[in-house]
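Report on one structure; see the data block that follows.
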Amino acid sequence: MAPVKLYGMTMSWNVTRCVAALEEAGVEYDVVPIDFGAGEHKTPDHLARNPFGQMPVLQDGDFYVW
């Protein structure tokens with residue numbers, strides 16, 4: 001099974017909490033950095049993952065949690 005993807009800034013407290021939960025659960029994951037300062041959270045690609053343009057976003061296959 002492919003690892004889940006966690007989109008967000010690694011310095012974000014919300015992303016850090018998600019990483020802690022994934023580690024505790026033993027889930028294989030990849031962190032995909034999103035540059036908030038450069039506005040990457042408002043790109044069409046990210047807005048397709050989360051229509052509000054917020055982070056973090058967890059992707060497991062075709063399923064997104066934001």
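By convention in this document, the chains of the structure tokens carry letters A, B, ... by their order, each chain's residues are numbered from 1, and ligands are numbered from 1 in the order they are shown.
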Long-range neighbours of Val32 in chain A as a compact mmCIF listing (two decimals) with all heavy atoms, in the first residue's frame, 7 Å cut-off, only C-alpha atoms, 5 positions minimum in chain:
```txt
# COMPACT_ATOMS: atom_id res chain seq x y z
N LYS A 5 -0.19 10.86 2.02
CA LYS A 5 0.53 12.12 1.84
C LYS A 5 -0.07 13.16 2.77
O LYS A 5 -1.29 13.28 2.87
CB LYS A 5 0.43 12.60 0.39
CG LYS A 5 1.15 11.72 -0.58
CD LYS A 5 1.05 12.28 -1.98
CE LYS A 5 1.75 11.35 -2.97
NZ LYS A 5 1.62 11.85 -4.35
N LEU A 6 0.80 13.89 3.42
CA LEU A 6 0.39 14.98 4.30
C LEU A 6 0.93 16.27 3.70
O LEU A 6 2.15 16.46 3.63
CB LEU A 6 0.93 14.77 5.71
CG LEU A 6 0.58 15.84 6.74
CD1 LEU A 6 -0.93 15.90 6.95
CD2 LEU A 6 1.30 15.58 8.05
N TYR A 7 0.04 17.14 3.24
CA TYR A 7 0.42 18.40 2.62
C TYR A 7 0.40 19.49 3.68
O TYR A 7 -0.58 19.63 4.42
CB TYR A 7 -0.56 18.78 1.51
CG TYR A 7 -0.57 17.83 0.34
CD1 TYR A 7 -1.38 16.71 0.33
CD2 TYR A 7 0.24 18.07 -0.75
CE1 TYR A 7 -1.39 15.85 -0.74
CE2 TYR A 7 0.25 17.21 -1.84
CZ TYR A 7 -0.58 16.10 -1.82
OH TYR A 7 -0.58 15.25 -2.89
N GLY A 8 1.49 20.27 3.74
CA GLY A 8 1.52 21.40 4.66
C GLY A 8 2.94 21.83 4.97
O GLY A 8 3.91 21.24 4.51
```
Just want the 12 Å neighbourhood of His46 in chain A, counted on only C-alpha atoms, with same-chain residues fewer than 5 positions away dropped. Output as a PDB file with N, CA, C and O atoms, in the first residue's frame.
```
ATOM      1  N   LEU A   6       0.804  13.895   3.422  1.00  0.00           N
ATOM      2  CA  LEU A   6       0.389  14.982   4.296  1.00  0.00           C
ATOM      3  C   LEU A   6       0.931  16.271   3.705  1.00  0.00           C
ATOM      4  O   LEU A   6       2.145  16.465   3.628  1.00  0.00           O
ATOM      5  N   TYR A   7       0.039  17.135   3.241  1.00  0.00           N
ATOM      6  CA  TYR A   7       0.422  18.396   2.625  1.00  0.00           C
ATOM      7  C   TYR A   7       0.405  19.493   3.680  1.00  0.00           C
ATOM      8  O   TYR A   7      -0.577  19.633   4.416  1.00  0.00           O
ATOM      9  N   GLY A   8       1.487  20.266   3.741  1.00  0.00           N
ATOM     10  CA  GLY A   8       1.525  21.397   4.662  1.00  0.00           C
ATOM     11  C   GLY A   8       2.941  21.835   4.966  1.00  0.00           C
ATOM     12  O   GLY A   8       3.912  21.240   4.506  1.00  0.00           O
ATOM     13  N   VAL A  32       4.465  16.437   2.153  1.00  0.00           N
ATOM     14  CA  VAL A  32       4.642  17.209   0.924  1.00  0.00           C
ATOM     15  C   VAL A  32       4.611  18.683   1.328  1.00  0.00           C
ATOM     16  O   VAL A  32       3.555  19.188   1.725  1.00  0.00           O
ATOM     17  N   PRO A  33       5.760  19.353   1.282  1.00  0.00           N
ATOM     18  CA  PRO A  33       5.789  20.743   1.748  1.00  0.00           C
ATOM     19  C   PRO A  33       4.998  21.680   0.845  1.00  0.00           C
ATOM     20  O   PRO A  33       5.050  21.576  -0.381  1.00  0.00           O
ATOM     21  N   ILE A  34       4.243  22.562   1.474  1.00  0.00           N
ATOM     22  CA  ILE A  34       3.496  23.617   0.790  1.00  0.00           C
ATOM     23  C   ILE A  34       4.047  24.937   1.319  1.00  0.00           C
ATOM     24  O   ILE A  34       4.025  25.173   2.528  1.00  0.00           O
ATOM     25  N   ASP A  35       4.540  25.790   0.433  1.00  0.00           N
ATOM     26  CA  ASP A  35       5.133  27.065   0.832  1.00  0.00           C
ATOM     27  C   ASP A  35       4.029  28.109   0.994  1.00  0.00           C
ATOM     28  O   ASP A  35       3.538  28.676   0.020  1.00  0.00           O
ATOM     29  N   PHE A  36       3.641  28.329   2.233  1.00  0.00           N
ATOM     30  CA  PHE A  36       2.576  29.275   2.549  1.00  0.00           C
ATOM     31  C   PHE A  36       2.963  30.688   2.132  1.00  0.00           C
ATOM     32  O   PHE A  36       2.147  31.438   1.598  1.00  0.00           O
ATOM     33  N   GLY A  39       2.460  31.409  -1.446  1.00  0.00           N
ATOM     34  CA  GLY A  39       1.071  31.307  -1.893  1.00  0.00           C
ATOM     35  C   GLY A  39       0.704  29.984  -2.525  1.00  0.00           C
ATOM     36  O   GLY A  39      -0.323  29.889  -3.200  1.00  0.00           O
ATOM     37  N   GLU A  40       1.507  28.941  -2.295  1.00  0.00           N
ATOM     38  CA  GLU A  40       1.212  27.633  -2.889  1.00  0.00           C
ATOM     39  C   GLU A  40      -0.110  27.054  -2.386  1.00  0.00           C
ATOM     40  O   GLU A  40      -0.695  26.208  -3.053  1.00  0.00           O
ATOM     41  N   HIS A  41      -0.577  27.510  -1.237  1.00  0.00           N
ATOM     42  CA  HIS A  41      -1.836  27.000  -0.700  1.00  0.00           C
ATOM     43  C   HIS A  41      -3.048  27.533  -1.460  1.00  0.00           C
ATOM     44  O   HIS A  41      -4.162  27.063  -1.269  1.00  0.00           O
ATOM     45  N   PRO A  51     -10.784  23.052  -0.897  1.00  0.00           N
ATOM     46  CA  PRO A  51     -11.344  24.241  -1.540  1.00  0.00           C
ATOM     47  C   PRO A  51     -11.179  25.521  -0.727  1.00  0.00           C
ATOM     48  O   PRO A  51     -11.323  26.608  -1.268  1.00  0.00           O
ATOM     49  N   PHE A  52     -10.844  25.412   0.554  1.00  0.00           N
ATOM     50  CA  PHE A  52     -10.631  26.595   1.385  1.00  0.00           C
ATOM     51  C   PHE A  52      -9.172  27.046   1.371  1.00  0.00           C
ATOM     52  O   PHE A  52      -8.831  28.077   1.939  1.00  0.00           O
ATOM     53  N   GLY A  53      -8.292  26.233   0.766  1.00  0.00           N
ATOM     54  CA  GLY A  53      -6.885  26.590   0.663  1.00  0.00           C
ATOM     55  C   GLY A  53      -6.138  26.537   1.971  1.00  0.00           C
ATOM     56  O   GLY A  53      -5.144  27.233   2.155  1.00  0.00           O
ATOM     57  N   GLN A  54      -6.594  25.718   2.899  1.00  0.00           N
ATOM     58  CA  GLN A  54      -5.941  25.631   4.195  1.00  0.00           C
ATOM     59  C   GLN A  54      -5.096  24.365   4.288  1.00  0.00           C
ATOM     60  O   GLN A  54      -5.169  23.481   3.453  1.00  0.00           O
ATOM     61  N   MET A  55      -4.285  24.317   5.332  1.00  0.00           N
ATOM     62  CA  MET A  55      -3.430  23.163   5.587  1.00  0.00           C
ATOM     63  C   MET A  55      -3.624  22.736   7.030  1.00  0.00           C
ATOM     64  O   MET A  55      -3.985  23.556   7.849  1.00  0.00           O
ATOM     65  N   PRO A  56      -3.361  21.508   7.350  1.00  0.00           N
ATOM     66  CA  PRO A  56      -2.868  20.412   6.535  1.00  0.00           C
ATOM     67  C   PRO A  56      -3.983  19.722   5.755  1.00  0.00           C
ATOM     68  O   PRO A  56      -5.159  19.884   6.052  1.00  0.00           O
ATOM     69  N   VAL A  57      -3.557  18.938   4.770  1.00  0.00           N
ATOM     70  CA  VAL A  57      -4.460  18.069   4.014  1.00  0.00           C
ATOM     71  C   VAL A  57      -3.823  16.688   3.995  1.00  0.00           C
ATOM     72  O   VAL A  57      -2.638  16.549   3.695  1.00  0.00           O
ATOM     73  N   LEU A  58      -4.606  15.687   4.340  1.00  0.00           N
ATOM     74  CA  LEU A  58      -4.140  14.305   4.326  1.00  0.00           C
ATOM     75  C   LEU A  58      -4.780  13.608   3.134  1.00  0.00           C
ATOM     76  O   LEU A  58      -6.002  13.660   2.958  1.00  0.00           O
ATOM     77  N   GLN A  59      -3.953  12.966   2.309  1.00  0.00           N
ATOM     78  CA  GLN A  59      -4.445  12.250   1.131  1.00  0.00           C
ATOM     79  C   GLN A  59      -4.122  10.778   1.278  1.00  0.00           C
ATOM     80  O   GLN A  59      -2.978  10.390   1.479  1.00  0.00           O
ATOM     81  N   TYR A  64      -9.484  12.555   0.590  1.00  0.00           N
ATOM     82  CA  TYR A  64      -8.814  13.696   1.215  1.00  0.00           C
ATOM     83  C   TYR A  64      -9.507  14.061   2.521  1.00  0.00           C
ATOM     84  O   TYR A  64     -10.739  14.051   2.613  1.00  0.00           O
ATOM     85  N   TRP A  66      -9.380  17.281   5.245  1.00  0.00           N
ATOM     86  CA  TRP A  66      -8.811  18.596   5.458  1.00  0.00           C
ATOM     87  C   TRP A  66      -9.426  19.266   6.650  1.00  0.00           C
ATOM     88  O   TRP A  66     -10.411  19.063   7.160  1.00  0.00           O
TER      89      TRP A  66
END
```
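Taking chain A and asking which residues DSSP calls strand (DSSP E) on the backbone, you get A:Val4, A:Lys5, A:Leu6, A:Tyr7, A:Gly8, A:Tyr29, A:Asp30, A:Val31, A:Val32, A:Pro33, A:Val57, A:Leu58, A:Gln59, A:Asp60, A:Phe63, A:Tyr64, A:Val65.
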Would you mind exporting the chosen residues as a PDB file, in the first residue's frame, restricted to N, CA and C atoms?
```
ATOM      1  N   VAL A   4       0.416   7.395   2.799  1.00  0.00           N
ATOM      2  CA  VAL A   4      -0.469   8.545   2.700  1.00  0.00           C
ATOM      3  C   VAL A   4       0.389   9.798   2.547  1.00  0.00           C
ATOM      4  N   LYS A   5      -0.190  10.859   2.017  1.00  0.00           N
ATOM      5  CA  LYS A   5       0.530  12.115   1.839  1.00  0.00           C
ATOM      6  C   LYS A   5      -0.070  13.160   2.765  1.00  0.00           C
ATOM      7  N   LEU A   6       0.804  13.895   3.422  1.00  0.00           N
ATOM      8  CA  LEU A   6       0.389  14.982   4.296  1.00  0.00           C
ATOM      9  C   LEU A   6       0.931  16.271   3.705  1.00  0.00           C
ATOM     10  N   TYR A   7       0.039  17.135   3.241  1.00  0.00           N
ATOM     11  CA  TYR A   7       0.422  18.396   2.625  1.00  0.00           C
ATOM     12  C   TYR A   7       0.405  19.493   3.680  1.00  0.00           C
ATOM     13  N   GLY A   8       1.487  20.266   3.741  1.00  0.00           N
ATOM     14  CA  GLY A   8       1.525  21.397   4.662  1.00  0.00           C
ATOM     15  C   GLY A   8       2.941  21.835   4.966  1.00  0.00           C
ATOM     16  N   TYR A  29       3.847   7.464   5.846  1.00  0.00           N
ATOM     17  CA  TYR A  29       3.398   8.722   5.263  1.00  0.00           C
ATOM     18  C   TYR A  29       4.566   9.491   4.658  1.00  0.00           C
ATOM     19  N   ASP A  30       4.231  10.425   3.775  1.00  0.00           N
ATOM     20  CA  ASP A  30       5.188  11.365   3.201  1.00  0.00           C
ATOM     21  C   ASP A  30       4.651  12.769   3.447  1.00  0.00           C
ATOM     22  N   VAL A  31       5.515  13.675   3.887  1.00  0.00           N
ATOM     23  CA  VAL A  31       5.134  15.074   4.040  1.00  0.00           C
ATOM     24  C   VAL A  31       5.474  15.790   2.736  1.00  0.00           C
ATOM     25  N   VAL A  32       4.465  16.437   2.153  1.00  0.00           N
ATOM     26  CA  VAL A  32       4.642  17.209   0.924  1.00  0.00           C
ATOM     27  C   VAL A  32       4.611  18.683   1.328  1.00  0.00           C
ATOM     28  N   PRO A  33       5.760  19.353   1.282  1.00  0.00           N
ATOM     29  CA  PRO A  33       5.789  20.743   1.748  1.00  0.00           C
ATOM     30  C   PRO A  33       4.998  21.680   0.845  1.00  0.00           C
ATOM     31  N   VAL A  57      -3.557  18.938   4.770  1.00  0.00           N
ATOM     32  CA  VAL A  57      -4.460  18.069   4.014  1.00  0.00           C
ATOM     33  C   VAL A  57      -3.823  16.688   3.995  1.00  0.00           C
ATOM     34  N   LEU A  58      -4.606  15.687   4.340  1.00  0.00           N
ATOM     35  CA  LEU A  58      -4.140  14.305   4.326  1.00  0.00           C
ATOM     36  C   LEU A  58      -4.780  13.608   3.134  1.00  0.00           C
ATOM     37  N   GLN A  59      -3.953  12.966   2.309  1.00  0.00           N
ATOM     38  CA  GLN A  59      -4.445  12.250   1.131  1.00  0.00           C
ATOM     39  C   GLN A  59      -4.122  10.778   1.278  1.00  0.00           C
ATOM     40  N   ASP A  60      -5.160   9.961   1.143  1.00  0.00           N
ATOM     41  CA  ASP A  60      -4.992   8.509   1.147  1.00  0.00           C
ATOM     42  C   ASP A  60      -5.686   7.992  -0.115  1.00  0.00           C
ATOM     43  N   PHE A  63      -8.925   9.749  -1.458  1.00  0.00           N
ATOM     44  CA  PHE A  63      -9.663  10.295  -0.319  1.00  0.00           C
ATOM     45  C   PHE A  63      -8.852  11.399   0.357  1.00  0.00           C
ATOM     46  N   TYR A  64      -9.484  12.555   0.590  1.00  0.00           N
ATOM     47  CA  TYR A  64      -8.814  13.696   1.215  1.00  0.00           C
ATOM     48  C   TYR A  64      -9.507  14.061   2.521  1.00  0.00           C
ATOM     49  N   VAL A  65      -8.708  14.382   3.517  1.00  0.00           N
ATOM     50  CA  VAL A  65      -9.212  14.898   4.792  1.00  0.00           C
ATOM     51  C   VAL A  65      -8.562  16.247   5.012  1.00  0.00           C
TER      52      VAL A  65
END
```
Please indicate the distance in Å from CA of Leu22 in chain A to CA of Pro3 in chain A, rounded to one decimal place.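 Straight-line distance from CA of Leu22 in chain A to CA of Pro3 in chain A works out to 10.9 Å.
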Quick one: distance from CA of Gly26 in chain A to CA of Thr10 in chain A in Å, one decimal? 18.8 Å
What gap, in Å, lies between CA of Val27 in chain A and CA of Asp62 in chain A? 16.9 Å
Write out as an MDAnalysis selection string all residues of range 7-62 of chain A that DSSP puts in alpha helix (DSSP H) for this structure's backbone. chainID A and resid 13:25 44:49
